[in-house]
Amino acid sequence: GSISCEERDYKTSYSYFYEAFEGYDGLKADGEGAAKALKYMLLSKVMNDEPQDVKAVIAGKLAIKYQLPSVGIMQQIANAYQQRSLAQFEVIINAAENAAEIGGDLVVKYKLDELKNKLLEQNLLRLLEPFEVVEISHIAQLIALPVEVIQRKLSQMILDHKFNGILDQGSGSIIVFEEEPTTTVYTHANETIEVLNDVADQLFDKANLLD
C-alpha cells in the first residue's frame, strides 16, 4: 500500500490498506495496526481527490470503532481540501496538538506536503483567473503568504507549464496569458500529405505495370 501511495496509485493503495485494516481488525488484539491502516485509507481517499468519501469510510461498520485523534485529523484535512481552503489546511498541519500524528509519520508528512503544494497551485490559478496583469504582492496578500513564496511558486508553475504567463520582475507583476486554442490545422495538413503520398504511390505502381 505504501509503495502504491508513493507511486500516486491511490486506488490501489486504498485497496491494500483496506485489506490490511480488515486483517488487523480480525485479530482483535491489534487495534493500533487497524487504526494506522484506517488512517492511510483516509489519506488515500484525499490524495485521490475523493475527500467527500472520507466521512462515509469513518462511519463504516468496522471503522466506527477506531475514532482516534489520527482519524479526526484526516477528517479535518479532508474537509479543508474539499473546501479548497489553504488557510484551514495550514492551521491543521501546523497545530501543536497534531505534531506527533503528522510530523511523526513520514508517509503522512510527505503526502500532506504534496497536498499543500497542490492546494496552493489551485488557489493561485483561481485568484489569477480574472486578471490580465496583477501585482504579485496583491496575490500574496489575498492568499496570506509571503511575496517571495508566491513568486517562487509562480516561476515553478510557469516552467512546469501549469500556468500560462510571465513574471515582470521590474514591476513586480504577473502577466496572465489566455490559453492558446488547440488548432487542428497541422493535423489536417499532415493527413492530407499522407493521402497524397498514397495516391502518388498508387500512380507510380500503375505506371510500372503499363511499362
# chains A, B, ... in the order shown; residues from 1 in each chain; ligands from 1
>>> residues_around(residues="segment 112-117 of chain A", least_positions_apart="4", cutoff="9 Å", atoms="only C-alpha atoms", output="number ranges by chain")
A: 43, 46-47, 77, 81, 86, 89-90, 93, 102, 107-108, 121-122
>>> write_last_selection(atoms="all heavy atoms", output="short mmCIF file (atom, residue, chain, number, x, y, z; two decimals), in the first residue's frame")
data_model
loop_
_atom_site.label_atom_id
_atom_site.label_comp_id
_atom_site.auth_asym_id
_atom_site.auth_seq_id
_atom_site.Cartn_x
_atom_site.Cartn_y
_atom_site.Cartn_z
N LEU A 43 -6.19 8.84 3.99
CA LEU A 43 -5.20 9.63 3.27
C LEU A 43 -5.27 9.33 1.77
O LEU A 43 -5.22 10.25 0.94
CB LEU A 43 -3.79 9.33 3.80
CG LEU A 43 -2.63 10.05 3.11
CD1 LEU A 43 -2.72 11.56 3.34
CD2 LEU A 43 -1.29 9.53 3.63
N VAL A 46 -8.22 11.13 0.16
CA VAL A 46 -7.97 12.56 -0.03
C VAL A 46 -7.01 12.79 -1.20
O VAL A 46 -7.25 13.63 -2.07
CB VAL A 46 -7.41 13.21 1.25
CG1 VAL A 46 -7.09 14.69 1.01
CG2 VAL A 46 -8.41 13.09 2.40
N MET A 47 -5.93 12.02 -1.23
CA MET A 47 -4.94 12.19 -2.28
C MET A 47 -5.50 11.83 -3.66
O MET A 47 -5.01 12.31 -4.68
CB MET A 47 -3.70 11.32 -2.00
CG MET A 47 -2.93 11.69 -0.73
SD MET A 47 -2.40 13.42 -0.67
CE MET A 47 -1.31 13.52 -2.09
N ILE A 77 -8.59 17.34 7.53
CA ILE A 77 -7.82 17.58 6.30
C ILE A 77 -8.72 17.39 5.08
O ILE A 77 -8.67 18.17 4.12
CB ILE A 77 -6.59 16.65 6.24
CG1 ILE A 77 -5.54 17.13 7.24
CG2 ILE A 77 -6.01 16.58 4.83
CD1 ILE A 77 -4.41 16.17 7.47
N TYR A 81 -9.56 20.24 2.32
CA TYR A 81 -9.25 20.02 0.91
C TYR A 81 -10.52 20.12 0.06
O TYR A 81 -10.49 20.67 -1.04
CB TYR A 81 -8.60 18.65 0.72
CG TYR A 81 -8.14 18.40 -0.69
CD1 TYR A 81 -7.13 19.18 -1.25
CD2 TYR A 81 -8.72 17.41 -1.48
CE1 TYR A 81 -6.71 18.98 -2.56
CE2 TYR A 81 -8.30 17.20 -2.78
CZ TYR A 81 -7.29 17.98 -3.32
OH TYR A 81 -6.88 17.79 -4.62
N LEU A 86 -6.73 26.67 1.73
CA LEU A 86 -5.32 26.57 2.10
C LEU A 86 -5.10 27.05 3.53
O LEU A 86 -4.30 26.47 4.27
CB LEU A 86 -4.47 27.38 1.12
CG LEU A 86 -2.95 27.30 1.30
CD1 LEU A 86 -2.45 25.87 1.13
CD2 LEU A 86 -2.24 28.22 0.31
N PHE A 89 -6.17 24.40 5.93
CA PHE A 89 -5.22 23.30 5.82
C PHE A 89 -3.96 23.60 6.63
O PHE A 89 -3.44 22.75 7.35
CB PHE A 89 -4.88 23.08 4.34
CG PHE A 89 -4.03 21.86 4.08
CD1 PHE A 89 -4.62 20.62 3.92
CD2 PHE A 89 -2.66 21.96 3.98
CE1 PHE A 89 -3.84 19.49 3.68
CE2 PHE A 89 -1.87 20.86 3.73
CZ PHE A 89 -2.47 19.61 3.57
N GLU A 90 -3.47 24.84 6.50
CA GLU A 90 -2.27 25.27 7.24
C GLU A 90 -2.49 25.19 8.75
O GLU A 90 -1.60 24.77 9.50
CB GLU A 90 -1.90 26.70 6.84
CG GLU A 90 -1.37 26.85 5.43
CD GLU A 90 0.15 26.74 5.36
OE1 GLU A 90 0.75 26.27 6.33
OE2 GLU A 90 0.71 27.13 4.33
N ILE A 93 -2.29 21.39 9.84
CA ILE A 93 -0.98 20.73 9.82
C ILE A 93 0.04 21.40 10.73
O ILE A 93 1.04 20.79 11.11
CB ILE A 93 -0.41 20.64 8.38
CG1 ILE A 93 -0.15 22.03 7.79
CG2 ILE A 93 -1.34 19.84 7.49
CD1 ILE A 93 0.54 21.99 6.43
N ILE A 102 1.25 14.01 12.59
CA ILE A 102 1.65 14.42 11.24
C ILE A 102 3.17 14.34 11.07
O ILE A 102 3.68 13.64 10.18
CB ILE A 102 1.14 15.83 10.92
CG1 ILE A 102 -0.40 15.83 10.87
CG2 ILE A 102 1.72 16.34 9.59
CD1 ILE A 102 -1.02 17.18 10.67
N VAL A 107 5.11 9.03 6.00
CA VAL A 107 4.19 8.84 4.87
C VAL A 107 3.17 9.97 4.85
O VAL A 107 2.94 10.61 3.82
CB VAL A 107 3.47 7.48 4.96
CG1 VAL A 107 2.40 7.37 3.86
CG2 VAL A 107 4.46 6.33 4.85
N VAL A 108 2.57 10.23 6.01
CA VAL A 108 1.58 11.30 6.11
C VAL A 108 2.21 12.66 5.84
O VAL A 108 1.67 13.48 5.11
CB VAL A 108 0.91 11.28 7.50
CG1 VAL A 108 0.01 12.51 7.69
CG2 VAL A 108 0.08 10.01 7.68
N GLU A 121 -1.34 25.65 -5.68
CA GLU A 121 -1.47 25.83 -7.13
C GLU A 121 -2.92 26.11 -7.52
O GLU A 121 -3.20 27.01 -8.32
CB GLU A 121 -0.97 24.58 -7.86
CG GLU A 121 0.55 24.41 -7.80
CD GLU A 121 1.02 23.16 -8.51
OE1 GLU A 121 0.15 22.39 -9.00
OE2 GLU A 121 2.24 22.94 -8.60
N GLN A 122 -3.85 25.34 -6.96
CA GLN A 122 -5.27 25.53 -7.27
C GLN A 122 -5.75 26.91 -6.86
O GLN A 122 -6.49 27.57 -7.60
CB GLN A 122 -6.10 24.45 -6.56
CG GLN A 122 -5.91 23.06 -7.13
CD GLN A 122 -6.62 22.00 -6.31
OE1 GLN A 122 -7.03 22.24 -5.16
NE2 GLN A 122 -6.78 20.82 -6.86
#
>>> select_by_dssp(residues="segment 71-147 of chain A", states="helix (DSSP H, G or I)", output="count of residues only")
61
>>> closest_residue(among="A:Tyr10, A:Tyr66, A:Tyr24, A:Phe177", to="Asp49 of chain A", atoms="only C-alpha atoms")
A:Tyr10
>>> residues_around(residues="segment 40-42 of chain A", least_positions_apart="2", cutoff="8 Å", atoms="only C-alpha atoms", output="ChimeraX atom specification")
/A:13-14,17-18,36-38,44-46,54,57,71,74-75,108
>>> select_by_dssp(residues="segment 114-175 of chain A", states="strand (DSSP E or B)", output="NGL selection string")
:A and (133-135 or 165-168 or 173-175)
>>> write_last_selection(atoms="C-alpha atoms", output="tab-separated table (two decimals), in the first residue's frame")
chain	number	residue	atom	x	y	z
A	133	VAL	CA	-1.87	41.89	-15.19
A	134	VAL	CA	-1.70	41.93	-11.40
A	135	GLU	CA	0.93	42.73	-8.78
A	165	GLY	CA	2.04	33.77	-18.17
A	166	ILE	CA	5.30	35.57	-17.34
A	167	LEU	CA	6.75	37.35	-14.33
A	168	ASP	CA	7.64	41.02	-14.83
A	173	SER	CA	3.71	41.87	-11.56
A	174	ILE	CA	2.46	38.72	-13.18
A	175	ILE	CA	1.19	38.94	-16.77
>>> atom_distance(atom1="atom CA of Leu119 of chain A", atom2="atom CA of Leu68 of chain A")
25.8 Å
>>> atom_distance(atom1="atom CA of Gln52 of chain A", atom2="atom CA of Lys153 of chain A")
27.8 Å
>>> closest_atom_pairs(of="segment 53-137 of chain A", to="segment 143-147 of chain A", cutoff="10 Å", atoms="only C-alpha atoms", output="Markdown table")
| residue | atom | partner | partner_atom | distance |
| --- | --- | --- | --- | --- |
| A:Ser85 | CA | A:Ile143 | CA | 9.9 |
| A:Leu86 | CA | A:Ile143 | CA | 8.1 |
| A:Ala87 | CA | A:Ala144 | CA | 8.0 |
| A:Leu120 | CA | A:Ile143 | CA | 8.7 |
| A:Asn123 | CA | A:Ile143 | CA | 7.8 |
| A:Leu124 | CA | A:Ile143 | CA | 7.9 |
| A:Leu127 | CA | A:Ile143 | CA | 8.5 |
| A:Glu135 | CA | A:Val147 | CA | 9.9 |
| A:Ile136 | CA | A:Val147 | CA | 6.6 |
| A:Ser137 | CA | A:Val147 | CA | 5.6 |
>>> write_last_selection(atoms="C-alpha atoms", output="mmCIF file, in the first residue's frame")
data_model
loop_
_atom_site.group_PDB
_atom_site.id
_atom_site.type_symbol
_atom_site.label_atom_id
_atom_site.label_comp_id
_atom_site.auth_asym_id
_atom_site.auth_seq_id
_atom_site.Cartn_x
_atom_site.Cartn_y
_atom_site.Cartn_z
ATOM 1 C CA SER A 85 -9.090 26.158 1.905
ATOM 2 C CA LEU A 86 -5.322 26.566 2.097
ATOM 3 C CA ALA A 87 -5.651 28.655 5.275
ATOM 4 C CA LEU A 120 -1.508 26.331 -3.358
ATOM 5 C CA ASN A 123 -5.735 28.671 -5.191
ATOM 6 C CA LEU A 124 -3.249 30.666 -7.279
ATOM 7 C CA LEU A 127 -7.089 34.017 -7.919
ATOM 8 C CA GLU A 135 0.928 42.729 -8.785
ATOM 9 C CA ILE A 136 2.382 39.662 -7.099
ATOM 10 C CA SER A 137 2.105 41.450 -3.748
#
>>> closest_residue(among="A:Ser155, A:Gly104, A:Arg84, A:Val176", to="Phe131 of chain A", atoms="only C-alpha atoms")
A:Val176
>>> closest_residue(among="A:Leu27, A:Ala34, A:Ile150, A:Ala78", to="Ala56 of chain A", atoms="only C-alpha atoms")
A:Ala78
>>> atom_distance(atom1="atom CA of Gln151 of chain A", atom2="atom CA of Ala80 of chain A")
24.1 Å
